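Shown next: entry.cif, given as mmCIF, C-alpha atoms.
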```
data_input
loop_
_atom_site.label_atom_id
_atom_site.label_comp_id
_atom_site.auth_asym_id
_atom_site.auth_seq_id
_atom_site.Cartn_x
_atom_site.Cartn_y
_atom_site.Cartn_z
CA MET A 509 0.00 0.00 0.00
CA THR A 510 1.35 3.42 -0.93
CA ILE A 511 2.02 6.11 1.68
CA SER A 512 -0.73 8.33 0.26
CA MET A 513 -3.22 5.47 0.48
CA ARG A 514 -2.23 4.76 4.07
CA LEU A 515 -2.75 8.41 4.95
CA ARG A 516 -6.19 8.45 3.31
CA ARG A 517 -7.23 5.28 5.12
CA ARG A 518 -5.90 6.58 8.46
CA ARG A 519 -7.78 9.83 7.97
CA LEU A 520 -10.99 8.00 7.17
CA MET A 521 -10.72 5.58 10.10
CA LEU A 522 -9.98 8.45 12.50
CA VAL A 523 -13.13 10.24 11.40
CA LEU A 524 -15.17 7.08 11.79
CA ALA A 525 -13.67 5.88 15.06
CA GLY A 526 -13.35 9.20 16.83
CA GLY A 527 -16.21 11.15 15.39
CA THR A 528 -19.15 8.78 14.91
CA ALA A 529 -20.95 9.58 18.15
CA TRP A 530 -20.42 13.32 17.79
CA LEU A 531 -21.47 13.28 14.14
CA SER A 532 -24.63 11.36 15.00
CA GLY A 533 -25.50 13.88 17.68
CA VAL A 534 -25.02 16.81 15.33
CA ALA A 535 -27.05 15.09 12.63
CA ALA A 536 -29.90 14.23 14.99
CA ALA A 537 -30.11 17.80 16.18
CA CYS A 538 -30.52 19.01 12.59
CA VAL A 539 -33.28 16.58 11.59
CA PRO A 540 -36.72 18.21 11.38
CA ALA A 541 -39.42 16.50 13.40
CA ALA A 542 -41.27 15.45 10.25
CA SER A 543 -38.40 13.18 9.15
CA GLY A 544 -39.05 10.58 11.85
CA GLY A 545 -41.83 8.01 12.21
CA GLY A 546 -43.44 5.81 9.63
CA GLY A 547 -46.86 6.99 8.51
CA GLU A 548 -46.94 10.78 8.32
CA PRO A 549 -46.79 12.50 4.92
CA ALA A 550 -43.45 13.65 3.57
CA PRO A 551 -42.53 17.24 4.45
CA ALA A 552 -43.23 19.67 1.63
CA PRO A 553 -40.30 21.22 -0.25
CA SER A 554 -39.66 24.95 0.20
CA ARG A 555 -41.43 27.46 -2.01
CA GLY A 556 -38.79 30.15 -1.71
CA PRO A 557 -35.22 30.15 -3.08
CA VAL A 558 -33.21 27.07 -2.06
CA ALA A 559 -29.57 26.15 -2.65
CA LEU A 560 -28.68 22.45 -2.52
CA GLN A 561 -25.13 21.14 -2.27
CA PHE A 562 -24.78 18.02 -4.42
CA MET A 563 -21.52 16.10 -3.90
CA VAL A 564 -20.61 13.50 -6.52
CA GLN A 565 -17.84 10.93 -6.58
CA GLY A 566 -14.88 11.07 -8.89
CA ALA A 567 -13.63 13.19 -11.73
CA GLN A 568 -16.80 13.19 -13.80
CA PRO A 569 -17.01 14.77 -17.26
CA PRO A 570 -18.04 18.44 -16.96
CA ASN A 571 -21.44 17.86 -18.56
CA GLU A 572 -22.33 14.54 -16.91
CA TRP A 573 -24.76 16.07 -14.43
CA ASP A 574 -26.33 18.57 -16.84
CA SER A 575 -28.85 15.88 -17.78
CA LEU A 576 -30.15 15.97 -14.19
CA VAL A 577 -29.55 19.51 -12.96
CA GLY A 578 -30.89 21.29 -16.07
CA PRO A 579 -34.27 19.51 -16.24
CA TYR A 580 -34.68 19.78 -12.48
CA LYS A 581 -34.20 23.54 -12.67
CA GLU A 582 -37.12 23.64 -15.10
CA ARG A 583 -39.22 21.56 -12.71
CA ALA A 584 -38.25 23.52 -9.57
CA PRO A 585 -37.01 26.99 -10.65
CA GLN A 586 -36.65 28.10 -7.02
CA VAL A 587 -33.91 25.49 -6.45
CA THR A 588 -30.25 25.99 -7.28
CA VAL A 589 -28.20 22.77 -7.35
CA ASN A 590 -24.47 23.30 -6.82
CA VAL A 591 -22.54 20.26 -8.06
CA ASP A 592 -19.37 19.50 -6.09
CA ILE A 593 -17.14 17.00 -7.90
CA ALA A 594 -15.33 15.41 -4.99
CA GLY A 595 -12.39 13.03 -5.12
CA GLY A 596 -12.73 9.41 -6.13
CA GLY A 597 -12.91 6.43 -3.81
CA ASP A 598 -11.85 6.94 -0.23
CA ASP A 599 -11.20 10.63 -0.82
CA PHE A 600 -14.91 11.06 -1.55
CA THR A 601 -15.82 9.26 1.68
CA THR A 602 -13.37 11.27 3.74
CA LYS A 603 -14.60 14.55 2.32
CA GLY A 604 -18.22 13.74 3.11
CA LEU A 605 -17.45 12.77 6.70
CA SER A 606 -15.21 15.80 7.18
CA LEU A 607 -17.91 18.17 5.89
CA ALA A 608 -20.42 16.58 8.26
CA ALA A 609 -18.03 16.93 11.18
CA ALA A 610 -17.62 20.62 10.33
CA GLY A 611 -21.41 21.10 10.32
CA THR A 612 -21.58 21.72 6.56
CA PRO A 613 -22.57 18.38 5.01
CA PRO A 614 -23.86 18.18 1.45
CA HIS A 615 -27.61 17.83 1.07
CA VAL A 616 -27.41 15.09 -1.56
CA SER A 617 -24.57 12.92 -2.80
CA TRP A 618 -24.06 10.30 -5.47
CA ALA A 619 -21.43 7.57 -5.28
CA SER A 620 -20.62 3.90 -5.47
CA THR A 621 -22.40 1.93 -2.76
CA ARG A 622 -19.01 0.94 -1.43
CA PHE A 623 -17.81 4.49 -0.84
CA ALA A 624 -21.15 5.66 0.57
CA PHE A 625 -21.26 2.84 3.12
CA PRO A 626 -19.27 4.63 5.89
CA PHE A 627 -21.94 7.37 6.02
CA ALA A 628 -24.39 4.85 7.53
CA PRO A 629 -22.49 3.87 10.71
CA ALA A 630 -21.49 7.52 11.11
CA GLY A 631 -25.18 8.43 11.35
CA VAL A 632 -25.02 11.33 8.91
CA VAL A 633 -27.47 10.15 6.24
CA ALA A 634 -31.24 9.72 6.47
CA ASP A 635 -33.18 6.47 6.09
CA LEU A 636 -34.47 6.61 2.53
CA GLN A 637 -37.03 3.89 3.20
CA GLN A 638 -39.02 6.43 5.20
CA TYR A 639 -39.11 8.82 2.27
CA VAL A 640 -39.92 6.11 -0.26
CA ARG A 641 -42.93 5.04 1.81
CA ARG A 642 -44.22 8.57 2.47
CA ALA A 643 -43.88 9.64 -1.13
CA LYS A 644 -45.32 6.29 -2.31
CA LEU A 645 -42.42 6.09 -4.75
CA ASP A 646 -42.88 3.01 -6.92
CA VAL A 647 -39.62 1.05 -6.70
CA ARG A 648 -41.07 -2.35 -7.57
CA ASP A 649 -39.11 -2.53 -10.82
CA ILE A 650 -35.81 -2.16 -8.96
CA PRO A 651 -34.73 -5.78 -8.28
CA ARG A 652 -34.85 -6.59 -4.60
CA PRO A 653 -31.11 -7.44 -4.31
CA VAL A 654 -30.33 -4.05 -5.86
CA TYR A 655 -32.75 -2.07 -3.70
CA GLU A 656 -31.73 -3.78 -0.45
CA GLU A 657 -27.97 -3.86 -0.94
CA PRO A 658 -27.45 -0.45 0.75
CA LEU A 659 -29.13 -1.58 3.99
CA TYR A 660 -27.20 -1.10 7.21
CA LYS A 661 -28.94 -2.24 10.41
CA GLY A 662 -32.31 -1.49 8.85
CA LEU A 663 -31.28 1.91 7.46
CA LEU A 664 -31.36 2.35 3.70
CA TYR A 665 -28.47 4.75 3.13
CA GLN A 666 -28.77 4.90 -0.67
CA LEU A 667 -31.32 4.73 -3.47
CA THR A 668 -29.54 2.89 -6.24
CA SER A 669 -29.73 4.60 -9.62
CA ASP A 670 -27.60 2.34 -11.79
CA VAL A 671 -26.17 -1.15 -11.56
CA GLY A 672 -23.78 -3.42 -13.40
CA TYR A 673 -22.88 -7.11 -13.15
CA ALA A 674 -19.83 -9.24 -13.84
CA MET A 675 -20.35 -11.07 -17.11
CA VAL A 676 -18.25 -13.03 -19.57
CA ALA A 677 -17.50 -11.56 -22.98
CA TYR A 678 -16.77 -14.00 -25.77
CA ASN A 679 -15.56 -13.61 -29.33
CA VAL A 680 -18.30 -15.01 -31.58
CA SER A 681 -16.07 -14.85 -34.67
CA THR A 682 -13.45 -17.02 -32.94
CA THR A 683 -15.90 -19.61 -31.64
CA THR A 684 -17.55 -19.88 -35.06
CA ALA A 685 -14.21 -20.25 -36.86
CA ALA A 686 -13.17 -22.98 -34.41
CA GLY A 687 -16.41 -24.90 -35.00
CA ARG A 688 -17.47 -24.53 -31.38
CA PRO A 689 -21.09 -24.06 -30.26
CA ASP A 690 -22.30 -20.57 -29.52
CA LEU A 691 -21.68 -20.08 -25.80
CA TRP A 692 -25.05 -18.37 -25.29
CA TRP A 693 -26.63 -21.61 -26.52
CA LEU A 694 -24.85 -23.42 -23.68
CA TRP A 695 -26.10 -20.90 -21.11
CA GLU A 696 -29.71 -21.20 -22.28
CA ARG A 697 -29.53 -24.99 -21.91
CA ARG A 698 -27.91 -24.84 -18.47
CA GLN A 699 -24.70 -26.34 -19.81
CA TRP A 700 -22.51 -23.33 -19.04
CA THR A 701 -20.72 -24.91 -16.08
CA TRP A 702 -17.19 -24.28 -14.87
CA ASP A 703 -15.99 -27.53 -16.45
CA ARG A 704 -17.58 -26.60 -19.79
CA PHE A 705 -16.02 -23.14 -19.56
CA VAL A 706 -12.58 -24.73 -19.12
CA ALA A 707 -13.23 -27.20 -21.94
CA GLU A 708 -14.24 -24.41 -24.33
CA ALA A 709 -11.16 -22.36 -23.36
CA GLN A 710 -8.95 -25.37 -24.11
CA ALA A 711 -10.67 -26.08 -27.44
CA LEU A 712 -10.46 -22.47 -28.60
CA GLN A 713 -6.82 -22.27 -27.59
CA GLN A 714 -5.94 -25.47 -29.41
CA ALA A 715 -7.76 -24.34 -32.55
CA ALA A 716 -5.62 -21.19 -32.60
CA GLY A 717 -2.32 -23.07 -32.19
CA GLY A 718 -1.89 -23.12 -28.40
CA PRO A 719 0.56 -21.21 -26.17
CA ALA A 720 3.44 -22.00 -28.53
CA ALA A 721 1.67 -19.82 -31.07
CA GLY A 722 0.80 -17.22 -28.43
CA ALA A 723 -2.82 -18.41 -28.31
CA TYR A 724 -4.86 -18.68 -25.12
CA GLY A 725 -8.49 -19.36 -24.28
CA VAL A 726 -9.30 -16.82 -21.57
CA VAL A 727 -7.84 -13.79 -19.80
CA VAL A 728 -7.61 -13.78 -16.00
CA SER A 729 -7.32 -10.77 -13.71
CA THR A 730 -7.65 -9.93 -10.02
CA TRP A 731 -10.63 -7.63 -10.67
CA ASP A 732 -13.35 -7.91 -8.03
CA GLY A 733 -15.95 -8.86 -10.62
CA GLU A 734 -13.92 -11.96 -11.46
CA PHE A 735 -12.49 -12.98 -8.08
CA PHE A 736 -15.66 -12.61 -5.99
CA THR A 737 -17.82 -14.13 -8.74
CA ILE A 738 -15.70 -17.26 -9.10
CA VAL A 739 -15.58 -17.91 -5.35
CA ARG A 740 -19.32 -17.32 -4.81
CA SER A 741 -20.34 -19.26 -7.93
CA ASN A 742 -18.65 -22.31 -6.39
CA GLY A 743 -20.69 -22.03 -3.19
CA GLY A 744 -18.06 -20.17 -1.17
CA ASP A 745 -17.59 -16.58 -0.09
CA VAL A 746 -14.83 -14.15 0.80
CA LEU A 747 -16.12 -12.91 4.18
CA ASP A 748 -18.62 -14.30 6.66
CA LYS A 749 -22.09 -12.74 6.94
CA GLU A 750 -21.00 -10.43 9.76
CA ARG A 751 -18.02 -9.26 7.67
CA ARG A 752 -15.68 -10.00 10.57
CA ARG A 753 -13.71 -12.96 9.21
CA LEU A 754 -12.08 -14.05 5.93
CA THR A 755 -13.64 -17.32 4.77
CA LEU A 756 -11.35 -18.23 1.88
CA ASP A 757 -10.13 -21.16 4.00
CA GLN A 758 -13.47 -22.97 3.57
CA PRO A 759 -13.53 -25.96 1.14
CA ALA A 760 -15.74 -24.35 -1.53
CA ALA A 761 -13.62 -21.18 -1.62
CA LEU A 762 -10.34 -23.10 -1.70
CA GLU A 763 -11.62 -25.27 -4.55
CA ALA A 764 -12.69 -22.19 -6.51
CA LEU A 765 -9.32 -20.48 -6.07
CA GLU A 766 -7.43 -23.62 -7.03
CA SER A 767 -9.53 -24.02 -10.20
CA TRP A 768 -8.99 -20.36 -11.03
CA ALA A 769 -5.21 -20.44 -10.49
CA ALA A 770 -5.03 -23.62 -12.58
CA LEU A 771 -6.14 -21.63 -15.64
CA VAL A 772 -2.71 -19.98 -15.58
CA GLN A 773 -0.47 -22.41 -13.73
CA ARG A 774 -1.52 -25.97 -14.55
CA LEU A 775 -3.83 -25.84 -17.57
CA ARG A 776 -2.11 -22.83 -19.15
CA VAL A 777 -5.26 -21.72 -20.95
CA ALA A 778 -4.72 -18.16 -19.69
CA PRO A 779 -1.68 -15.95 -20.24
CA PRO A 780 0.46 -14.88 -17.28
CA LEU A 781 -1.12 -12.09 -15.26
CA GLY A 782 -0.62 -8.67 -16.83
CA THR A 783 0.53 -9.82 -20.28
CA ALA A 784 0.05 -6.57 -22.17
CA ASP A 785 -0.99 -7.76 -25.63
CA GLN A 786 -3.04 -10.76 -24.50
CA THR A 787 -6.41 -9.12 -24.00
CA PHE A 788 -9.94 -9.64 -25.21
CA ALA A 789 -10.05 -6.19 -26.81
CA SER A 790 -7.02 -7.07 -28.94
CA GLY A 791 -9.03 -9.90 -30.50
CA LYS A 792 -6.34 -12.40 -29.44
CA VAL A 793 -8.07 -14.02 -26.45
CA PRO A 794 -11.65 -15.23 -26.98
CA MET A 795 -13.05 -14.94 -23.42
CA GLU A 796 -12.80 -12.51 -20.54
CA PHE A 797 -14.69 -11.56 -17.37
CA PHE A 798 -15.94 -8.04 -17.92
CA ALA A 799 -18.26 -5.29 -16.70
CA GLN A 800 -20.79 -3.27 -18.67
CA ALA A 801 -18.48 -0.24 -18.56
CA ARG A 802 -16.18 -1.92 -21.11
CA ILE A 803 -18.81 -2.13 -23.84
CA GLY A 804 -17.60 1.05 -25.52
CA ARG A 805 -13.99 -0.13 -25.56
CA TYR A 806 -14.92 -3.51 -27.01
CA ARG A 807 -17.10 -1.99 -29.68
CA ALA A 808 -14.32 0.29 -30.81
CA SER A 809 -11.78 -2.53 -31.01
CA ALA A 810 -14.27 -4.89 -32.69
CA ALA A 811 -15.01 -2.30 -35.36
CA GLN A 812 -11.32 -1.68 -35.92
CA ILE A 813 -10.13 -5.30 -35.92
CA GLY A 814 -13.24 -6.87 -37.36
CA TYR A 815 -14.74 -9.38 -34.94
CA ARG A 816 -18.21 -10.03 -33.48
CA TRP A 817 -18.73 -10.57 -29.78
CA ASP A 818 -21.44 -11.25 -27.24
CA VAL A 819 -21.96 -11.73 -23.49
CA LEU A 820 -23.22 -14.46 -21.19
CA ALA A 821 -23.36 -15.27 -17.48
CA PRO A 822 -20.27 -16.29 -15.50
CA PRO A 823 -19.57 -20.04 -15.39
CA ALA A 824 -20.49 -21.86 -12.19
CA ARG A 825 -20.42 -25.27 -10.54
CA THR A 826 -24.16 -24.92 -9.92
CA THR A 827 -25.66 -21.40 -9.98
CA PRO A 828 -23.70 -18.30 -11.03
CA VAL A 829 -23.45 -15.49 -8.50
CA PRO A 830 -22.28 -12.49 -10.54
CA THR A 831 -20.74 -9.63 -8.60
CA MET A 832 -23.03 -6.62 -8.55
CA PHE A 833 -21.70 -3.07 -8.76
CA SER A 834 -24.10 -0.28 -7.89
CA ASN A 835 -24.18 3.50 -7.54
CA GLY A 836 -26.82 5.80 -6.17
CA TYR A 837 -27.99 8.80 -4.19
CA GLN A 838 -27.62 9.52 -0.48
CA LEU A 839 -29.81 11.93 1.50
CA TRP A 840 -27.84 13.75 4.20
CA ARG A 841 -29.40 14.73 7.49
CA SER A 842 -30.15 18.45 7.49
CA THR A 843 -32.92 21.01 7.80
CA GLN A 844 -33.34 20.83 4.00
CA GLU A 845 -34.10 17.14 3.71
CA ALA A 846 -37.45 17.76 2.02
CA ASP A 847 -35.87 19.77 -0.78
CA ALA A 848 -33.00 17.31 -1.10
CA TRP A 849 -35.41 14.36 -1.25
CA ALA A 850 -37.36 16.05 -4.04
CA LEU A 851 -34.16 16.14 -6.10
CA ILE A 852 -33.46 12.43 -5.44
CA ALA A 853 -37.03 11.46 -6.31
CA PHE A 854 -36.70 13.37 -9.59
CA ALA A 855 -33.37 11.65 -10.29
CA LEU A 856 -35.09 8.25 -9.98
CA THR A 857 -37.80 9.03 -12.54
CA PRO A 858 -37.63 7.08 -15.81
CA GLU A 859 -36.92 10.28 -17.77
CA SER A 860 -33.95 11.19 -15.57
CA LEU A 861 -32.49 7.69 -15.49
CA LEU A 862 -32.73 7.30 -19.26
CA SER A 863 -31.37 10.77 -19.94
CA ARG A 864 -28.34 10.19 -17.73
CA GLY A 865 -27.91 6.65 -19.03
CA LYS A 866 -27.64 7.99 -22.57
CA VAL A 867 -24.88 10.40 -21.50
CA THR A 868 -22.92 8.00 -19.28
CA GLY A 869 -23.77 4.49 -20.47
CA ARG A 870 -24.81 3.56 -16.93
CA VAL A 871 -27.61 0.98 -16.85
CA PRO A 872 -30.66 2.22 -14.89
CA SER A 873 -31.54 0.26 -11.76
CA ARG A 874 -35.16 -0.05 -12.94
CA LEU A 875 -35.48 -3.21 -15.05
CA SER A 876 -38.53 -1.80 -16.84
CA LEU A 877 -36.21 0.73 -18.51
CA LEU A 878 -33.71 -1.80 -19.83
CA GLU A 879 -34.94 -2.00 -23.42
CA ALA A 880 -35.37 1.77 -23.69
CA PHE A 881 -31.85 2.25 -22.31
CA ALA A 882 -30.45 -0.32 -24.74
CA LYS A 883 -31.83 1.64 -27.67
CA THR A 884 -29.81 4.69 -26.60
CA LEU A 885 -26.65 2.57 -26.95
CA ASP A 886 -27.84 0.70 -30.06
CA ILE A 887 -28.10 -2.55 -28.16
CA PRO A 888 -28.93 -5.18 -29.34
CA THR A 889 -28.60 -3.92 -32.93
CA GLN A 890 -24.87 -3.85 -32.30
CA ASP A 891 -22.82 -6.30 -30.25
CA PRO A 892 -23.39 -7.46 -27.56
CA LYS A 893 -26.70 -8.84 -28.75
CA SER A 894 -27.54 -10.83 -25.60
CA PHE A 895 -27.03 -7.94 -23.16
CA VAL A 896 -30.73 -7.11 -22.79
CA ARG A 897 -31.73 -10.77 -22.40
CA LEU A 898 -29.04 -11.44 -19.80
CA TYR A 899 -29.55 -8.51 -17.44
CA PRO A 900 -32.84 -9.70 -15.84
CA ASP A 901 -31.25 -13.09 -15.10
CA LEU A 902 -28.23 -11.52 -13.45
CA ALA A 903 -30.45 -9.16 -11.45
CA LYS A 904 -31.96 -12.20 -9.73
CA LEU A 905 -28.59 -13.77 -8.98
CA GLY A 906 -26.18 -10.90 -8.33
CA GLN A 907 -24.56 -10.04 -5.00
CA GLY A 908 -22.71 -6.87 -4.04
CA LEU A 909 -19.30 -6.65 -2.46
CA PRO A 910 -18.99 -7.03 1.34
CA TYR A 911 -18.64 -3.33 2.06
CA THR A 912 -16.89 -2.15 5.21
CA ALA A 913 -15.38 1.21 6.16
CA ASN A 914 -11.90 -0.20 5.50
CA PHE A 915 -12.75 -2.26 2.41
CA THR A 916 -9.80 -0.86 0.44
CA THR A 917 -7.29 -1.89 3.12
CA TRP A 918 -8.31 -5.51 3.65
CA ARG A 919 -9.07 -6.01 -0.04
CA GLU A 920 -5.52 -4.94 -0.89
CA ILE A 921 -4.18 -7.50 1.57
CA VAL A 922 -6.13 -10.19 -0.28
CA GLU A 923 -4.77 -8.87 -3.58
CA LYS A 924 -1.11 -8.88 -2.54
CA GLU A 925 -1.07 -11.90 -0.24
CA VAL A 926 -3.51 -14.26 -2.01
CA LEU A 927 -4.50 -13.40 -5.56
CA GLN A 928 -1.20 -12.32 -7.05
CA PRO A 929 0.91 -15.04 -5.37
CA ILE A 930 -1.35 -17.92 -6.46
CA LEU A 931 -1.66 -16.71 -10.05
CA SER A 932 2.10 -16.22 -10.31
CA GLY A 933 2.83 -19.60 -8.71
CA GLN A 934 4.74 -18.09 -5.78
CA ARG A 935 2.47 -19.79 -3.23
CA SER A 936 -0.07 -22.55 -3.18
CA VAL A 937 -3.66 -21.51 -2.56
CA ARG A 938 -3.69 -22.98 0.93
CA GLU A 939 -0.39 -21.35 1.87
CA ALA A 940 -1.52 -17.96 0.60
CA VAL A 941 -4.89 -18.10 2.35
CA GLN A 942 -3.33 -19.31 5.60
CA HIS A 943 -0.83 -16.47 5.49
CA ALA A 944 -3.40 -13.77 4.69
CA THR A 945 -6.23 -14.79 7.03
CA PRO A 946 -4.88 -13.33 10.30
CA LEU A 947 -3.85 -10.13 8.50
CA VAL A 948 -7.31 -9.62 7.01
CA ASN A 949 -9.11 -10.60 10.22
CA ALA A 950 -7.07 -8.09 12.21
CA GLU A 951 -8.17 -5.37 9.80
CA LEU A 952 -11.81 -6.47 9.87
CA ALA A 953 -11.78 -6.35 13.69
CA LYS A 954 -11.42 -2.56 13.46
CA ASN A 955 -14.91 -2.21 12.00
CA GLU A 956 -18.01 -1.45 13.98
CA VAL A 957 -20.10 -4.55 14.63
#
```
Translate the structure described by the file into structure tokens.
Amino acid sequence: MTISMRLRRRRLMLVLAGGTAWLSGVAAACVPAASGGGGEPAPAPSRGPVALQFMVQGAQPPNEWDSLVGPYKERAPQVTVNVDIAGGGDDFTTKGLSLAAAGTPPHVSWASTRFAFPFAPAGVVADLQQYVRRAKLDVRDIPRPVYEEPLYKGLLYQLTSDVGYAMVAYNVSTTTAAGRPDLWWLWERRQWTWDRFVAEAQALQQAAGGPAAGAYGVVVSTWDGEFFTIVRSNGGDVLDKERRRLTLDQPAALEALESWAALVQRLRVAPPLGTADQTFASGKVPMEFFAQARIGRYRASAAQIGYRWDVLAPPARTTPVPTMFSNGYQLWRSTQEADAWALIAFALTPESLLSRGKVTGRVPSRLSLLEAFAKTLDIPTQDPKSFVRLYPDLAKLGQGLPYTANFTTWREIVEKEVLQPILSGQRSVREAVQHATPLVNAELAKNEV
């Protein structure tokens, strides 16, 4: 871990450990009486001029939020929304907690579920379930796993606006040329198992001349969408349900990691980790775990090189458990909650989600909007053709990451002490897991129960 990362993590943990009680007290004192309880109507937004501070994660394009702020100004001309583009990742989290500690929190924020999580134990964000019920906001078309992922001890700290899942991209041109069945056909017939995935990787590699000719069947990486998906799709998990203990030492997790490492070390159907020119986008490797955010990159390379491609679910021993990545809006505790909620409710309307999806490529959390969203990206008229068909299936099966306040720290221990050593052959899976477990558990013990 770099020095700058250590400093950011230390800063974040100090705010959480030393300031949670004080922050909660400040927040509670600011909450209007109408924001509590379960059955009363939602407080009415202000009629006079209002200025809302809207903090967003990361270095977004300058016009990304115009699709929300502009139309909302037309709807509520008395409201001025000031967009604050905060740092990415932990810097975003630290800034939000620091602003709350100073008594000047944002009114609304948007971020990855992971980086918004620390706001919940700190007590600085409102329970959005209360507002959803009072406003009778119809969220039935948001899949339950997506809606409920940002729950912390019964508090819904985020309304999820967009979601993505770990998938597998495959080169249709390569599979066709090798005389192999279309992989989507295997998925539809419940034949897309881990063993079949390995067999197809071997067959595609052999058809292209094998490693001696620089040909491989699949790309591996230590990306969360691949690592968590493979472990969970084998019946294991990375942490226990309380998120207090690493569980990679359990049989199902060990088996999954050994099968995964074998792709590089024993079977040699995947190139060594980090091989620059052996990528799916180069057209050289026919399969890769990927996220929806890579669609643009793949389309550009496919058009340039001349190949067709598609997507399907991750392979599994029994049932795939694709990793789910979500982003959404947080409502901060303040005297302007009613006005801030009105902005969030507007952001979750179909018009807003589709408008922003067209600008950013982010898939709306509402499944009913999937086909309309796909048309804005010319899916399925362009590759990947199965994207729209696959998403509802993955929405039923997906699971988010095990978020904690110090996710970055313990996840980096897993990266350096488990994933990289087993893929490079420096340690066996059991040795790596045994070595990393006490280190990760010591870090997890720092979290609030």
Original post:
Care to translate the PyMOL selection byres ((chain A and resi 686) around 10) into actual residues of this file, as number ranges by chain?
Top reply: A: 680-685, 687-689, 711-716
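Using only C-alpha atoms, the nearest neighbour of Leu878 (chain A) within the list A:Asp670, A:Asp598, A:Glu696, A:Glu951 is A:Asp670.
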**OP:** Tell me which protein, DNA and RNA residues are within 10 Å of region 656-666 of chain A, counting all atoms listed in the file, leaving out same-chain ones fewer than 2 positions away, and put them as number ranges by chain.
**Re:** A: 617-622, 624-629, 631-638, 650-654, 668-669, 832, 834-840, 907-911
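Minimum distance to Trp573 (chain A) across A:Val819, A:Ala940, A:Val589, A:Leu756 (counting all atoms listed in the file) occurs at A:Val589.
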**OP:** Tell me, in Å to one decimal, how far CA of Val726 (chain A) is from CA of Phe788 (chain A).
**Re:**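 Here the two named atoms are 8.1 Å from each other.
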Could you model N, CA and C atoms for region 685-696 of chain A and present them as a PDB file, in the coordinates of the input?
```pdb
ATOM      1  N   ALA A 685     -15.316 -19.767 -36.037  1.00  0.00           N
ATOM      2  CA  ALA A 685     -14.210 -20.250 -36.860  1.00  0.00           C
ATOM      3  C   ALA A 685     -13.643 -21.565 -36.332  1.00  0.00           C
ATOM      4  N   ALA A 686     -13.706 -21.757 -35.010  1.00  0.00           N
ATOM      5  CA  ALA A 686     -13.170 -22.980 -34.410  1.00  0.00           C
ATOM      6  C   ALA A 686     -14.180 -24.123 -34.435  1.00  0.00           C
ATOM      7  N   GLY A 687     -15.392 -23.856 -34.941  1.00  0.00           N
ATOM      8  CA  GLY A 687     -16.410 -24.900 -35.000  1.00  0.00           C
ATOM      9  C   GLY A 687     -17.016 -25.232 -33.650  1.00  0.00           C
ATOM     10  N   ARG A 688     -16.918 -24.303 -32.709  1.00  0.00           N
ATOM     11  CA  ARG A 688     -17.470 -24.530 -31.380  1.00  0.00           C
ATOM     12  C   ARG A 688     -18.911 -24.012 -31.301  1.00  0.00           C
ATOM     13  N   PRO A 689     -19.711 -24.556 -30.394  1.00  0.00           N
ATOM     14  CA  PRO A 689     -21.090 -24.060 -30.260  1.00  0.00           C
ATOM     15  C   PRO A 689     -21.101 -22.635 -29.734  1.00  0.00           C
ATOM     16  N   ASP A 690     -22.158 -21.909 -30.065  1.00  0.00           N
ATOM     17  CA  ASP A 690     -22.300 -20.570 -29.520  1.00  0.00           C
ATOM     18  C   ASP A 690     -22.446 -20.687 -28.003  1.00  0.00           C
ATOM     19  N   LEU A 691     -21.691 -19.922 -27.257  1.00  0.00           N
ATOM     20  CA  LEU A 691     -21.680 -20.080 -25.800  1.00  0.00           C
ATOM     21  C   LEU A 691     -23.014 -19.668 -25.177  1.00  0.00           C
ATOM     22  N   TRP A 692     -23.732 -18.734 -25.796  1.00  0.00           N
ATOM     23  CA  TRP A 692     -25.050 -18.370 -25.290  1.00  0.00           C
ATOM     24  C   TRP A 692     -25.989 -19.581 -25.353  1.00  0.00           C
ATOM     25  N   TRP A 693     -25.839 -20.388 -26.374  1.00  0.00           N
ATOM     26  CA  TRP A 693     -26.630 -21.610 -26.520  1.00  0.00           C
ATOM     27  C   TRP A 693     -26.400 -22.525 -25.322  1.00  0.00           C
ATOM     28  N   LEU A 694     -25.155 -22.600 -24.856  1.00  0.00           N
ATOM     29  CA  LEU A 694     -24.850 -23.420 -23.680  1.00  0.00           C
ATOM     30  C   LEU A 694     -25.510 -22.858 -22.428  1.00  0.00           C
ATOM     31  N   TRP A 695     -25.487 -21.536 -22.284  1.00  0.00           N
ATOM     32  CA  TRP A 695     -26.100 -20.900 -21.110  1.00  0.00           C
ATOM     33  C   TRP A 695     -27.611 -21.148 -21.092  1.00  0.00           C
ATOM     34  N   GLU A 696     -28.260 -21.001 -22.221  1.00  0.00           N
ATOM     35  CA  GLU A 696     -29.710 -21.200 -22.280  1.00  0.00           C
ATOM     36  C   GLU A 696     -30.096 -22.627 -21.918  1.00  0.00           C
TER      37      GLU A 696
END
```
